[in-house]
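Shown next, in structure tokens, is the structure this report addresses.
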Amino acid sequence: MTSVANLHPDPTPIVACTISRDVQNFDLLIDDMEVELGESWGDLSFEDAALFLNQSESASLEFVAIAVDGDDVQDLDPIAGLITQAKSNDVKVILIAHDVNPVALHQLLRLGADDFVPYPLPEGALHDAIARMRLAAPPPAAADTTNPEAEPAPPESTPILKAHGDREGVVLPVHGMAGGVGASTFACNLAWDLATASKTDAPRVCLLDFDFQFGAVSTYLDLPRREAVFDILQDTEGADTEAFLKSMLTFNDKLHVFTAPPDMLPLDIVQGEDIDRLIDMARQNFDFVIIDMPSTIISWTETVLTRAHVYFALMELDLRSAQNVLRLVRALKADALPSDKLRFILNRAPKFTDLSGKSRVKRMAESLDIDIDVQLPDGGAQVTQANDHGLPLAESAAKNPMRKEIQKLAKSLYDLNKSAEAAKG
């Protein structure tokens with residue numbers, strides 16, 4: 001490892017630097033940097049990095065690896081300044097994060113970090129991050145300097161889909177029976193696995209985030225929130241299908257996403273007839289319509305339930321989920337609503353070898369008089385890391401046990417829909 005004092009006189013060209021409060025807290029990072037770069041890297045503190053990035057010597061840097069932990073998030077301004085400074089110098093930034101809360105991590109990623117690697121470093125993670133960084137597309141052409149007021153358009157993935165109205169999509173809402181049970185994670189991953197269910201005849205899939213206050217779909221797929229969404233919600237009667245589709249963004253050119261609006265809105269900003277119009281426009285242009293619902297029961301929840309083909313209810317093996325399921329089923333039956341559409345999914349289910357846990361699942365289902373249709377294994381830290389990085393599990397941890405179960409469900413839904421279409425034909 002090359003010290004700060006030796007950065008300039010060292011005859012070996014320095015192509016990368018680690019930046020941290022104390023690099024000794026990231027000993028695995030030291031080992032991986034030496035494996036990847038030998039002696040062609042250095043180490044800087046936050047204070048020294050701010051000075052070094054202002055010097056001409058920093059022009060030789062290919063990237064910096066900024067390592068932060070839970071103690072650093074109390075004051076993110078210096079770290080944010082380093083990311084901004086590095087990006088202005090055309091230096092790539094890999095963020096190494098240990099015990100950093102999702103809000104702080106997302107803020108740092110939004111400032112322009114090119115990649116994120118959790119700490120302790122998974123085997124080969126730093127190597128893969130460096131490879132992705134080096135394979136990244138070159139920056140877009142420079143903006144027109146003859147017009148100083150002209151600003152380049154933001155790199156949003158706007159849909160190229162035209163409104164044909166030739167579909168009759170399957171409506172699949174996802175509702176968490178309690179906070180933190182993984183409903184949004186499930187919705188995002190189910191939507192993506194449906195959108196990629198076939199390489200030759202992939203269905204057209206959209207994901208609608210109807211949690212207008214705390215919707216996380218845009219975060220989990222790293223998509224910006226757009227004012228156009230608010231415009232649609234404010235006047236669904238005046239919005240046509242073209243405007244609805246233009247308000248969406250695409251994830252990897254395959255999944256169309258109607259994000260939550262930029263600002264927190266009351267859930268009753270729309271009524272049942274508004275939700276009906278949105279679902280109608282989505283069904284007419286997509287094969288599958290996944291809806292991420294707020295955990296709160298609102299006046300238009302009945303509308304979504306009525307329009308749903310299957311209504312996924314996410315729960316966990318705990319008392320709060322059990323009590324909420326009991327309340328929900330009782331309320332639906334009291335109002336003669338179609339409770340038979342509910343399909344219960346148990347997240348963080350016991351492992352196959354956990355006989356005691358399996359027995360608890362059985363007793364829970366019997367006491368609630370429900371069938372638990374799908375049991376998702378605990379995906380562990382990889383799920384949180386994927387969400388924080390804005391990627392589906394299929395793109396970041398394809399072999400994760402939770403992802404495999406979601407993939408199976410997506411494949412069965414895809415096959416069932418194809419069979420139904422064939423029967424109609």
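In the structure tokens, chains take letters A, B, ... by order of appearance, with residues numbered from 1 within each chain and ligands from 1 in the order shown.
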
**Asked** as a list of chain:residue names, which residues of stretch 78-249 of chain A does DSSP assign to strand (DSSP E or B)?
**Response** A:Lys92, A:Val93, A:Ile94, A:Leu95, A:Ile96, A:Ala97, A:His98, A:Asp115, A:Phe116, A:Val117, A:Pro118, A:Val170, A:Val171, A:Leu172, A:Pro173, A:Val174, A:His175, A:Gly176, A:Val205, A:Cys206, A:Leu207, A:Leu208, A:Asp209, A:Leu249

**Message:** Could you go through stretch 222-398 of chain A and tell me which residues DSSP, when run on the backbone, assigns to helix (DSSP H, G or I), listing them as a PyMOL selection string?
**Reply:** chain A and resi 227-234+241-246+267-269+272-283+301-307+319-334+339-341+355-368+381-389+393-396

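The protein and nucleic acid residues lying at most 12 Å from A:Gln24 are Met1, Thr18, Ile30, Asp31, Asp43, Leu44, Ser45, Ala67 and Val68 of chain A, with only C-alpha atoms considered and sequence neighbours fewer than 6 positions away removed.
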
**Prompt:** Taking only C-alpha atoms into account, which of A:Ser198, A:Gln407, A:Thr303, A:Asn387 comes nearest A:Leu278?
**Reply:**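 Nearest to A:Leu278: A:Thr303.
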
**Request:** Find, counting only C-alpha atoms, the residue in A:Asp287, A:Asp280, A:Asp268, A:Asp274 that gets nearest to A:Ala191.
**Result:** A:Asp287

9 Å contact set for A:Gly176, only C-alpha atoms, chain neighbours under 6 positions out, as a PDB file with N, CA and C atoms, in the first residue's frame:
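And here's result21.pdb as it stands now:
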ATOM      1  N   GLY A 182     -41.980  -6.652   3.425  1.00  0.00           N
ATOM      2  CA  GLY A 182     -41.332  -6.884   2.141  1.00  0.00           C
ATOM      3  C   GLY A 182     -42.252  -6.821   0.942  1.00  0.00           C
ATOM      4  N   ALA A 183     -43.374  -6.109   1.065  1.00  0.00           N
ATOM      5  CA  ALA A 183     -44.327  -6.053  -0.043  1.00  0.00           C
ATOM      6  C   ALA A 183     -43.744  -5.349  -1.265  1.00  0.00           C
ATOM      7  N   SER A 184     -43.106  -4.198  -1.074  1.00  0.00           N
ATOM      8  CA  SER A 184     -42.531  -3.461  -2.204  1.00  0.00           C
ATOM      9  C   SER A 184     -41.389  -4.239  -2.846  1.00  0.00           C
ATOM     10  N   ASP A 292     -48.285  -1.900  -6.382  1.00  0.00           N
ATOM     11  CA  ASP A 292     -47.747  -1.872  -5.021  1.00  0.00           C
ATOM     12  C   ASP A 292     -48.681  -1.000  -4.180  1.00  0.00           C
ATOM     13  N   MET A 293     -49.422  -1.623  -3.280  1.00  0.00           N
ATOM     14  CA  MET A 293     -50.444  -0.945  -2.497  1.00  0.00           C
ATOM     15  C   MET A 293     -49.880  -0.387  -1.186  1.00  0.00           C
ATOM     16  N   PRO A 294     -50.471   0.697  -0.680  1.00  0.00           N
ATOM     17  CA  PRO A 294     -50.108   1.141   0.675  1.00  0.00           C
ATOM     18  C   PRO A 294     -50.638   0.139   1.690  1.00  0.00           C
ATOM     19  N   SER A 295     -49.973   0.039   2.843  1.00  0.00           N
ATOM     20  CA  SER A 295     -50.446  -0.910   3.855  1.00  0.00           C
ATOM     21  C   SER A 295     -51.762  -0.453   4.473  1.00  0.00           C
ATOM     22  N   THR A 296     -52.057   0.850   4.362  1.00  0.00           N
ATOM     23  CA  THR A 296     -53.311   1.390   4.869  1.00  0.00           C
ATOM     24  C   THR A 296     -54.486   0.976   3.983  1.00  0.00           C
ATOM     25  N   PHE A 312     -52.298 -10.332  -3.821  1.00  0.00           N
ATOM     26  CA  PHE A 312     -51.251 -10.904  -2.972  1.00  0.00           C
ATOM     27  C   PHE A 312     -51.186 -10.163  -1.632  1.00  0.00           C
ATOM     28  N   ALA A 313     -51.237 -10.920  -0.553  1.00  0.00           N
ATOM     29  CA  ALA A 313     -51.145 -10.357   0.793  1.00  0.00           C
ATOM     30  C   ALA A 313     -49.866 -10.887   1.442  1.00  0.00           C
ATOM     31  N   LEU A 314     -48.900 -10.004   1.655  1.00  0.00           N
ATOM     32  CA  LEU A 314     -47.607 -10.377   2.234  1.00  0.00           C
ATOM     33  C   LEU A 314     -47.686 -10.339   3.751  1.00  0.00           C
ATOM     34  N   MET A 315     -47.154 -11.359   4.386  1.00  0.00           N
ATOM     35  CA  MET A 315     -47.176 -11.431   5.842  1.00  0.00           C
ATOM     36  C   MET A 315     -45.901 -12.088   6.354  1.00  0.00           C
ATOM     37  N   SER A 321     -48.823  -9.639  12.042  1.00  0.00           N
ATOM     38  CA  SER A 321     -49.330 -10.062  10.740  1.00  0.00           C
ATOM     39  C   SER A 321     -50.595 -10.897  10.906  1.00  0.00           C
TER      40      SER A 321
END

**Prompt:** Which polymer residues have any atom within 9 Å of an atom of stretch 352-363 of chain A, counting only C-alpha atoms, with same-chain residues fewer than 6 positions away left out, as a list in words?
**Reply:** Leu317, Leu346 and Ile372 of chain A

Just write the chosen residues, C-alpha atoms, as a PDB file, in the first residue's frame.
ATOM      1  CA  LEU A 317     -44.650 -15.373  10.967  1.00  0.00           C
ATOM      2  CA  LEU A 346     -45.276 -15.710   3.903  1.00  0.00           C
ATOM      3  CA  ILE A 372     -50.474 -19.812   2.710  1.00  0.00           C
TER       4      ILE A 372
END

**Nearest to A:Val310, chosen from A:Ile291, A:Ala49, A:Val117, A:Val73, with only C-alpha atoms counted in the distances** =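 Of all the options, A:Ile291 lies closest to A:Val310.
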
**Request:** Extract, using only C-alpha atoms, all DNA, RNA and protein residues at most 12 Å from A:Phe26, discarding same-chain residues fewer than 2 positions from it, and format them as a list in words.
**Result:**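 The residues that qualify are Thr18, Ile19, Ser20, Arg21, Asp22, Val23, Gln24, Leu28, Leu29, Ile30, Asp31, Asp32, Met33, Asp43, Ala65, Ile66, Ala67, Val68, Asp69, Ile96, Ala97, His98, Pro118, Tyr119, Pro120 and Leu121 of chain A.
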
**Request:** Skip A:Leu337 itself and residues of its chain fewer than 4 positions away, then list as a VMD selection string all residues within 12 Å of it, counting only C-alpha atoms.
**Result:** chain A and resid 301 to 308 328 to 333 341 to 342
